[in-house]
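The structure appears right after this line, and notes come after that.
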Amino acid sequence: MDIRQMQYLVEVARHQSFTKAADALFITQPTISKAIKSLEEELGVVLFNRNGKKIELTDAGQIIVSQAQQIVASFQNLTAELDDLRNLKRGHIRIGLPPMVGANFFPKVIGQFHERYPDITIQLFEDGAKKVEYDVANGTLDVGVVVLPATQEGLAVLPFLEEKLNLVVHPSHPLAGRQEVSLNELVEDSFVLFREDFTLHDRIIAECAKVGFQPHVIYESSQWDLISEMVAAGLGITLLPETICREIDQRRVKIIGLVNPVIPWYLGVVWREDRYLSFSAREWIRFAKKVLIQ
């Protein structure tokens, strides 16, 4: 069992797919399948249950992956420190971005960073803020963007955006002519929300509960543009951050200020405080701070 096999194992477990893991590692799918099969034969256990295209870890696989993640993280720390020591100024950064955040804030950061350090590669992972935060905390990602406050322990935080949520409704909605709406006025409405792995999902439901009702959620998605299109089709209402509302075609929906309560939406860059940060990751954080906080 060598470090390469452990890296392959961790990526297959992360993506729950040999094909996606191979793409992430820039190798062929047969190569990664052969390595996992060899590892299973060496250890005398089955690591994955295979059911068509769907795979999941066996009990033995879960135990081995848990240990392999720590070993791979330690190996990455070692190689990163050695690269810094040699002053090669090259490396690889794994960054987690929630889908609604990436396109609005980070092309400029990544573009300037690549221009300054063309030999440093960046791998982006799009997941809900909860998943991004968890993956930064366990070392799967180097840096991530999350909705604050962060819930995982041991994370350093660089806040860069403070906004609030607005109500988005169809133009024919009874509240469409209002300038402001209280949350408890939406008790009879159907909601279109982000999926459960998005922090915004839990926050909206929690705020509704505080004012005395459980929202009727008819659809969940990971894409803000699909959510706004469903509102434009008259299928329900939603609550979205101001940044996203500026991207929506306001000829097809009405955007209304939400009060009583005002629901904040704070974003921050996070990384592990107790883990060695490579030159690449440290520079990316510095760039992000310079570009995002002005």
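Please note that chains go A, B, ... in the order of the structure tokens, that every chain numbers its residues from 1, and that ligands are numbered from 1 in the order shown.
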Within 12 Å of Phe75 in chain A using only C-alpha atoms, minus same-chain residues under 3 positions, as a CSV table (one decimal) with C-alpha atoms, in the first residue's frame:
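Just written: result_14.csv:
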chain,number,residue,atom,x,y,z
A,2,ASP,CA,1.7,3.2,-1.2
A,3,ILE,CA,0.8,6.9,-1.0
A,4,ARG,CA,-0.4,6.9,-4.7
A,6,MET,CA,-4.1,6.0,-0.8
A,7,GLN,CA,-4.5,9.2,-2.9
A,68,ALA,CA,-5.7,7.1,4.4
A,69,GLN,CA,-7.1,10.7,4.6
A,70,GLN,CA,-4.8,11.5,7.5
A,71,ILE,CA,-1.8,9.9,5.8
A,72,VAL,CA,-2.5,11.7,2.5
A,78,LEU,CA,5.4,17.4,3.8
A,79,THR,CA,5.7,17.9,0.1
A,80,ALA,CA,4.3,21.5,0.4
A,81,GLU,CA,6.9,22.4,3.0
A,82,LEU,CA,9.7,20.9,0.9
A,139,GLY,CA,-8.2,18.7,5.1
A,276,TYR,CA,0.6,23.9,7.5
Distance query Glu207 in chain A at most 10 Å, only C-alpha atoms, self and fewer than 5 positions along chain excluded, as a compact mmCIF listing (two decimals) with all heavy atoms, in the first residue's frame:
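Result written to selection.txt:
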# COMPACT_ATOMS: atom_id res chain seq x y z
N LEU A 183 -41.41 38.52 7.34
CA LEU A 183 -41.30 37.09 7.05
C LEU A 183 -42.58 36.35 7.38
O LEU A 183 -42.99 35.44 6.64
CB LEU A 183 -40.13 36.50 7.85
CG LEU A 183 -39.78 35.04 7.57
CD1 LEU A 183 -39.42 34.82 6.10
CD2 LEU A 183 -38.63 34.59 8.47
N ASN A 184 -43.28 36.75 8.45
CA ASN A 184 -44.49 36.01 8.83
C ASN A 184 -45.65 36.21 7.85
O ASN A 184 -46.67 35.53 7.95
CB ASN A 184 -44.91 36.36 10.26
CG ASN A 184 -45.24 37.84 10.43
OD1 ASN A 184 -45.31 38.60 9.46
ND2 ASN A 184 -45.40 38.26 11.68
N ASP A 202 -30.88 25.88 5.65
CA ASP A 202 -31.16 25.75 7.09
C ASP A 202 -31.48 27.09 7.72
O ASP A 202 -32.35 27.19 8.60
CB ASP A 202 -29.96 25.14 7.80
CG ASP A 202 -29.73 23.69 7.41
OD1 ASP A 202 -30.58 23.13 6.70
OD2 ASP A 202 -28.70 23.12 7.82
N GLY A 212 -42.81 31.50 13.74
CA GLY A 212 -44.00 30.70 14.00
C GLY A 212 -44.54 29.83 12.89
O GLY A 212 -45.68 29.36 12.99
N PHE A 213 -43.75 29.55 11.84
CA PHE A 213 -44.29 28.64 10.83
C PHE A 213 -43.19 27.81 10.19
O PHE A 213 -42.01 28.17 10.22
CB PHE A 213 -45.09 29.39 9.77
CG PHE A 213 -44.26 30.18 8.77
CD1 PHE A 213 -43.95 29.66 7.52
CD2 PHE A 213 -43.81 31.47 9.08
CE1 PHE A 213 -43.20 30.39 6.60
CE2 PHE A 213 -43.08 32.20 8.17
CZ PHE A 213 -42.76 31.67 6.92
N GLN A 214 -43.60 26.68 9.62
CA GLN A 214 -42.71 25.80 8.87
C GLN A 214 -42.97 26.04 7.39
O GLN A 214 -44.07 25.83 6.90
CB GLN A 214 -42.98 24.33 9.22
CG GLN A 214 -42.10 23.32 8.52
CD GLN A 214 -40.66 23.33 9.01
OE1 GLN A 214 -40.40 23.77 10.12
NE2 GLN A 214 -39.75 22.82 8.20
N PRO A 215 -41.97 26.52 6.65
CA PRO A 215 -42.22 26.83 5.24
C PRO A 215 -42.56 25.59 4.42
O PRO A 215 -42.00 24.51 4.64
CB PRO A 215 -40.89 27.45 4.78
CG PRO A 215 -39.87 26.91 5.71
CD PRO A 215 -40.56 26.76 7.03
N PRO A 261 -37.79 39.37 10.45
CA PRO A 261 -36.45 39.92 10.67
C PRO A 261 -35.71 40.19 9.36
O PRO A 261 -36.09 39.68 8.31
CB PRO A 261 -35.76 38.78 11.42
CG PRO A 261 -36.33 37.56 10.76
CD PRO A 261 -37.78 37.89 10.46
N VAL A 262 -34.65 40.97 9.47
CA VAL A 262 -33.67 41.04 8.39
C VAL A 262 -32.76 39.82 8.54
O VAL A 262 -32.25 39.57 9.63
CB VAL A 262 -32.84 42.34 8.48
CG1 VAL A 262 -31.67 42.30 7.49
CG2 VAL A 262 -33.72 43.55 8.22
N ILE A 263 -32.62 39.05 7.48
CA ILE A 263 -31.79 37.84 7.54
C ILE A 263 -30.43 38.15 6.90
O ILE A 263 -30.36 38.40 5.70
CB ILE A 263 -32.46 36.65 6.83
CG1 ILE A 263 -33.85 36.39 7.41
CG2 ILE A 263 -31.58 35.40 6.94
CD1 ILE A 263 -34.61 35.26 6.73
Subject >> Distance query Gln62 in chain A at most 12 Å, only C-alpha atoms, self and fewer than 3 positions along chain excluded, as an MDAnalysis selection string >> reply: chainID A and resid 9:10 12:14 45:49 56:59 65:69
**OP:** Please identify all polymer residues within 10 Å of Ile227 in chain A, counting only C-alpha atoms, omitting same-chain residues fewer than 5 positions from it, and present them as JSON, numbers by chain.
**Re:** {"A": [168, 191, 192, 193, 194, 219, 220, 221, 222, 232, 233, 235, 236, 237, 238, 239, 240]}
Subject >> Of the listed residues A:Ile93, A:Leu226, A:Val147, A:Cys208, that which approaches His114 in chain A most closely, counting only C-alpha atoms >> reply: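 So, comparing all the options, the nearest one is A:Ile93.
Note that CA of Glu242 in chain A and CA of Leu186 in chain A are 19.0 Å apart.
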Subject >> 12 Å contact set for range 284-291 of chain A, only C-alpha atoms, chain neighbours under 3 positions out, as number ranges by chain >> reply: A: 91-95, 105-117, 120-122, 142-145, 156-161, 268-271, 277-281, 294
